[in-house]
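Student: To start, I am sharing the structure in question, which I have written as structure tokens.
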Amino acid sequence: MRKWISFPHREGTVSRQAHADLPAEGIYEREVGRSGFFGPASHLHHQHPPTAWSAWEGPLRPRAFDLNELPQQGGMPFEAASVLQNAHCDFRLWSVDQAMPALFRNGDGDDVLFIHEGSGELFCDYGHLSYRDGDYLLIPRSTSWRIEPAARTTMLLIEATNGAYQLPDKGLVGPHAIFDEAMLDMAQIDDAFRAQQSEDEWQVVIKRRGALSTVTYPFNPLDAIGWHGNLAVCRINWRDIRPLMSHRYHLPPSAHSTFVAERFVICTFVPRPIESDPGALKVPFYHNNDDYDEVIFYHAGDFFSRDNIKPGMLTFHPAGFTHGPHPKAFAKAMSDPKTFTDEVAVMIDARDALEQGEGMAGVEWSGYVDSWKPKA
């Protein structure tokens with residue numbers, strides 16, 4: 001057994017409540033925390049913005065990528081470019097407009113497919129599901145599946161390498177908060193699924209330890225007539241998520257957790273009212289997340305804490321430095337705050353350092369690190 005050292009202490013001029021009622025005008029709060037936003041934390045009050053650097057050298061810096069500029073990939077998910085990865089997760093962006101020529105089975109871990117654009121049909125061992133933009137499709141490890149796009153489909157593929165996805169513990173708010181498990185749609189043995197069954201030859205491409213094997217069948221192996229149990233492909237859309245919120249307190253990103261894997265979490269930011277209490281912070285607080293690399297994929301809307309960010313872009317903040325809202329966004333939130341956000345974004349917090357994939361340098365916005373610098 002072990003526990004964090006606990007010694008709540010105050011030093012100097014401080015606020016009594018984190019993220020609210022800062023001790024003086026023009027003071028900036030910075031959270032230094034462990035274990036993401038779940039562990040012990042202290043809140044420092046600074047006289048200057050903690051991100052007001054004037055220069056930056058070395059590899060540990062915030063990065064932004066325009067994934068819209070990635071070259072078009074092939075017809076199978078494993079051909080998609082790796083954006084970021086480590087031993088426990090792998091993020092890819094895949095864009096496809098033709099039906100997959102074979103089935104795919106990932107033997108390396110569960111997959112989450114976040115549909116950024118497009119619509120179509122997914123067929124798998126468990127049946128059939130239609131998909132649209134904003135859907136999460138959760139595919140358990142070693143499930144055979146394929147898609148038939150009705151419109152060009154671009155998706156974020158998030159592999160839980162050698163792991164599985166589960167739902168977060170919702171604690172005091174109970175199991176029905178954020179979304180009820182009854183909102184999860186399961187794959188169905190319906191007419192569309194039965195219609196695709198045939199005696200034609202099909203292949204299943206299996207990925208295991210990064211290597212590919214191909215198994216050929218003289219029939220379509222998606223030939224189930226039924227199933228029962230509590231393991232299956234399922235779907236939920238960001239529009240089904242009812243975010244936790246407080247009009248008096250800016251909640252940390254962990255309050256918006258959607259899926260949890262062994263060494264990372266997936267959170268979803270959806271439209272919500274902005275804090276209205278006069279003393280509450282109305283933008284994400286400056287913070288050090290010194291145990292997790294933070295990644296945000298921007299799906300839709302106006303991203304109120306960032307400048308020059310558009311749908312299809314991705315930001316990457318490695319653990320180890322202070323980050324937070326851009327100066328323009330912070331100033332506007334203090335003087336003329338919005339009353340509602342309209343942004344939709346997917347955040348991945350990874351416990352282990354992420355490496356960027358080959359080709360990502362070609363789509364990087366090199367000036368992103370300078371977007372926090374004070375204007376001359």
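The way I read the labels, and the way they are meant: chains A, B, ... in the order of the structure tokens, residue 1 as the first residue of every chain, and ligand 1 as the first ligand shown, with later ones counted on from there.
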As a list in words, please: all residues of stretch 156-367 of chain A that backbone DSSP puts in alpha helix (DSSP H).

Tutor: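 Residues of stretch 156-367 of chain A classed as alpha helix (DSSP H): Asp191, Ala192, Phe193, Arg194, Ala195, Pro327, Lys328, Ala329, Phe330, Ala331, Lys332, Ala333, Met334 and Ser335 of chain A.
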
Student: What's around stretch 296-306 of chain A at 7 Å? Count only C-alpha atoms, leave out sequence neighbours fewer than 4 positions away in its own chain, and write the answer as a list in words.

Tutor: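 Surrounding residues, per the criterion: His116, Val283, Lys310, Pro311, Gly312, Met313, Leu314, Thr315, Phe316, Pro325, His326, Ala329, Asp342, Glu343, Val344, Ala345, Val346, Met347 and Ile348 of chain A.
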
Student: Quick one: pull the distance between atom CA of A:Gly359 and atom CA of A:Arg208, Å, one decimal.

Tutor: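 That distance, rounded to one decimal, is 23.5 Å.
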
Student: If we count only C-alpha atoms and set the cut-off at 8 Å, which residues sit around stretch 59-72 of chain A, ignoring sequence neighbours fewer than 6 positions away in its own chain? Please answer as an MDAnalysis selection string.

Tutor: chainID A and resid 93:95 312:318 320:321 360 363:366 368:369

Student: As an exercise, work out the distance from atom CA of A:Asn86 to atom CA of A:Ala353 in Å and give it to one decimal place.

Tutor: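 So the two atoms, atom CA of A:Asn86 and atom CA of A:Ala353, lie 6.7 Å apart.
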
Student: Skipping near chain neighbours, those fewer than 6 positions away, what residues fall within 12 Å of stretch 211-221 of chain A using only C-alpha atoms, listed as a PyMOL selection string?

Tutor: chain A and resi 76-79+102-108+123-127+143-146+193-205

Student: Compare A:Arg351, A:Ala18, A:Ala255, A:Val260 by their minimum atom-to-atom distance to A:Leu172, counting only C-alpha atoms, and give me the closest one.

Tutor: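 For A:Leu172, the nearest of the given residues is A:Ala255.
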
Student: Apply DSSP to the structure's backbone, then extract all residues of stretch 33-108 of chain A labelled strand (DSSP E) and return them as a list of chain:residue names.

Tutor: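 Result set for stretch 33-108 of chain A (strand (DSSP E)): A:Gly33, A:Ala41, A:Ser42, A:His43, A:Leu44, A:His45, A:His46, A:Arg63, A:Ala64, A:Phe65, A:Asp66, A:Ala81, A:Ser82, A:Val83, A:Leu84, A:Gln85, A:Cys89, A:Asp90, A:Phe91, A:Arg92, A:Leu93, A:Trp94, A:Ser95, A:Val96, A:Leu103, A:Phe104, A:Arg105, A:Asn106.
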